[in-house]
Amino acid sequence: MRERIFSLISKYNLRPNRDLGQNFLIVPDIIERNVARAELSGSDTVLEIGPGLGVLTDELSRRAGKVFAIEKDPRIVEILRREYSWNNVEIIEGDAMEVEWPEFNKMVSNLPYQISSPVTFKLLNYEFERAVLIYQLEFAERMVARPGTRNYSRLSLMVSAKARAELVERIGRGAFWPKPEVDSAVVVLEPKPRSERVELDENLTRALFQHRRKKVYAALKDSRHMIGLDKETFLRNREIIQKVPHAEKRVYELSPLDVLDIQNYLFENGLLHEKDSQKQGKV
């Protein structure tokens, strides 16, 4: 595998584009473990974002019924189409955050680090069975963090509201070429049953976690503009907002259900707009 990658790099005089996060995974064992973690069969359709030089794509094509690979770099797209003769792989040229994603039930990717967050939030809005994803280690640790811990963030909250996330393997920098400046990690994501998912208003979660170490009331006060409240409206409703559920908790201690309590209270008191939250709760 390593020889295959460097052969292609030499053949096409390829210089990885750091702006696109091109750090090619060159350790076969890691690829094999991730493909195994995906638990693929011929009935699965896999989405891969950032296929690079195709070594992971090639393994996926042997196990899955169909693979869609989204690649932004036209140079890489050309190499993949020239060098491989897959009959069950479709290369989609474009930005993964702009193109329409095809139907899939599993995702397996070595994600470009700079789009880790938007890809993850987009993925959580899809119905899928399992995702096996490589992230920057620090990002992965925030994904799986629990309320009240140092790494707990808006990302932790939004992931745990809809899915179960497990950090299953840490990966050193030497597993990639060129070497990134940070270590990486593999995270396995599985959606929670519909009855356990919590739909949270994005404006509210951003407002709260803008001040993650403050208490809930103070965070709402300082970020009132993010939920559509001007100073006058906030002051007029100050006594109501002071009684918001979990007002004395610090934001980084809030679970998804805690934030749902806050969301519903604000909605019921006319302090969140219906078009923003829809008082969705669990779906």
# chains A, B, ... in the order shown; residues from 1 in each chain; ligands from 1
$ select_by_dssp --residues "region 109-155 of chain A" --states "alpha helix (DSSP H)" --output "list in words"
Ser116, Ser117, Pro118, Val119, Thr120, Phe121, Lys122, Leu123, Leu137, Glu138, Phe139, Ala140, Glu141, Arg142, Met143, Arg154 and Leu155 of chain A
$ residues_around --residues "Ile5 (chain A)" --least-positions-apart "5" --cutoff "9 Å" --atoms "only C-alpha atoms" --output "MDAnalysis selection string"
chainID A and resid 10 24 26 53:55
$ select_by_dssp --residues "region 48-272 of chain A" --states "strand (DSSP E)" --output "PyMOL selection string"
chain A and resi 48-49+66-71+89-93+106-110+130-136+163-171+176-177+184-191+198-199
$ atom_distance --atom1 "CA of Leu257 (chain A)" --atom2 "CA of Leu137 (chain A)"
26.8 Å
$ residues_around --residues "region 185-197 of chain A" --least-positions-apart "4" --cutoff "6 Å" --atoms "only C-alpha atoms" --output "list of chain:residue names"
A:Arg130, A:Ala131, A:Val132, A:Leu133, A:Ile134, A:Tyr135, A:Leu137, A:Ala161, A:Lys162, A:Ala163, A:Arg164, A:Ala165, A:Glu166, A:Leu167, A:Val168, A:Glu169, A:Arg170, A:Ile171, A:Lys282, A:Val283
$ residues_around --residues "Val108 (chain A)" --least-positions-apart "2" --cutoff "12 Å" --atoms "only C-alpha atoms" --output "ChimeraX atom specification"
/A:31-40,44-51,56-57,59-61,64,67-70,104-106,110-111,123,128-135,186-189
$ closest_residue --among "A:Phe176, A:Val244, A:Asp58, A:Glu127" --to "Ser85 (chain A)" --atoms "only C-alpha atoms"
A:Asp58
$ decode --residues "region 238-253 of chain A" --atoms "N, CA and C atoms" --output "PDB file, in the first residue's frame"
ATOM      1  N   ARG A 238     -36.358  39.847  32.315  1.00  0.00           N
ATOM      2  CA  ARG A 238     -35.239  39.355  33.124  1.00  0.00           C
ATOM      3  C   ARG A 238     -35.689  38.380  34.215  1.00  0.00           C
ATOM      4  N   GLU A 239     -36.778  38.679  34.884  1.00  0.00           N
ATOM      5  CA  GLU A 239     -37.226  37.792  35.962  1.00  0.00           C
ATOM      6  C   GLU A 239     -37.620  36.420  35.431  1.00  0.00           C
ATOM      7  N   ILE A 240     -38.206  36.395  34.236  1.00  0.00           N
ATOM      8  CA  ILE A 240     -38.558  35.114  33.616  1.00  0.00           C
ATOM      9  C   ILE A 240     -37.285  34.335  33.276  1.00  0.00           C
ATOM     10  N   ILE A 241     -36.323  35.029  32.692  1.00  0.00           N
ATOM     11  CA  ILE A 241     -35.096  34.355  32.253  1.00  0.00           C
ATOM     12  C   ILE A 241     -34.284  33.880  33.450  1.00  0.00           C
ATOM     13  N   GLN A 242     -34.349  34.608  34.559  1.00  0.00           N
ATOM     14  CA  GLN A 242     -33.621  34.186  35.761  1.00  0.00           C
ATOM     15  C   GLN A 242     -34.141  32.853  36.302  1.00  0.00           C
ATOM     16  N   LYS A 243     -35.383  32.504  35.961  1.00  0.00           N
ATOM     17  CA  LYS A 243     -35.979  31.246  36.422  1.00  0.00           C
ATOM     18  C   LYS A 243     -35.845  30.122  35.400  1.00  0.00           C
ATOM     19  N   VAL A 244     -35.033  30.344  34.384  1.00  0.00           N
ATOM     20  CA  VAL A 244     -34.840  29.330  33.357  1.00  0.00           C
ATOM     21  C   VAL A 244     -34.310  28.045  33.999  1.00  0.00           C
ATOM     22  N   PRO A 245     -34.721  26.866  33.533  1.00  0.00           N
ATOM     23  CA  PRO A 245     -34.194  25.617  34.111  1.00  0.00           C
ATOM     24  C   PRO A 245     -32.667  25.573  34.063  1.00  0.00           C
ATOM     25  N   HIS A 246     -32.080  25.036  35.120  1.00  0.00           N
ATOM     26  CA  HIS A 246     -30.623  24.835  35.215  1.00  0.00           C
ATOM     27  C   HIS A 246     -29.854  26.152  35.198  1.00  0.00           C
ATOM     28  N   ALA A 247     -30.500  27.238  35.653  1.00  0.00           N
ATOM     29  CA  ALA A 247     -29.876  28.569  35.605  1.00  0.00           C
ATOM     30  C   ALA A 247     -28.558  28.619  36.364  1.00  0.00           C
ATOM     31  N   GLU A 248     -28.414  27.800  37.413  1.00  0.00           N
ATOM     32  CA  GLU A 248     -27.206  27.849  38.238  1.00  0.00           C
ATOM     33  C   GLU A 248     -26.114  26.893  37.761  1.00  0.00           C
ATOM     34  N   LYS A 249     -26.427  26.103  36.754  1.00  0.00           N
ATOM     35  CA  LYS A 249     -25.386  25.233  36.186  1.00  0.00           C
ATOM     36  C   LYS A 249     -24.477  26.045  35.281  1.00  0.00           C
ATOM     37  N   ARG A 250     -23.254  25.601  35.178  1.00  0.00           N
ATOM     38  CA  ARG A 250     -22.367  26.176  34.166  1.00  0.00           C
ATOM     39  C   ARG A 250     -22.652  25.478  32.843  1.00  0.00           C
ATOM     40  N   VAL A 251     -22.469  26.209  31.770  1.00  0.00           N
ATOM     41  CA  VAL A 251     -22.877  25.693  30.460  1.00  0.00           C
ATOM     42  C   VAL A 251     -22.223  24.354  30.154  1.00  0.00           C
ATOM     43  N   TYR A 252     -20.947  24.202  30.504  1.00  0.00           N
ATOM     44  CA  TYR A 252     -20.247  22.959  30.150  1.00  0.00           C
ATOM     45  C   TYR A 252     -20.716  21.760  30.975  1.00  0.00           C
ATOM     46  N   GLU A 253     -21.654  21.998  31.903  1.00  0.00           N
ATOM     47  CA  GLU A 253     -22.224  20.899  32.676  1.00  0.00           C
ATOM     48  C   GLU A 253     -23.561  20.429  32.115  1.00  0.00           C
TER      49      GLU A 253
END
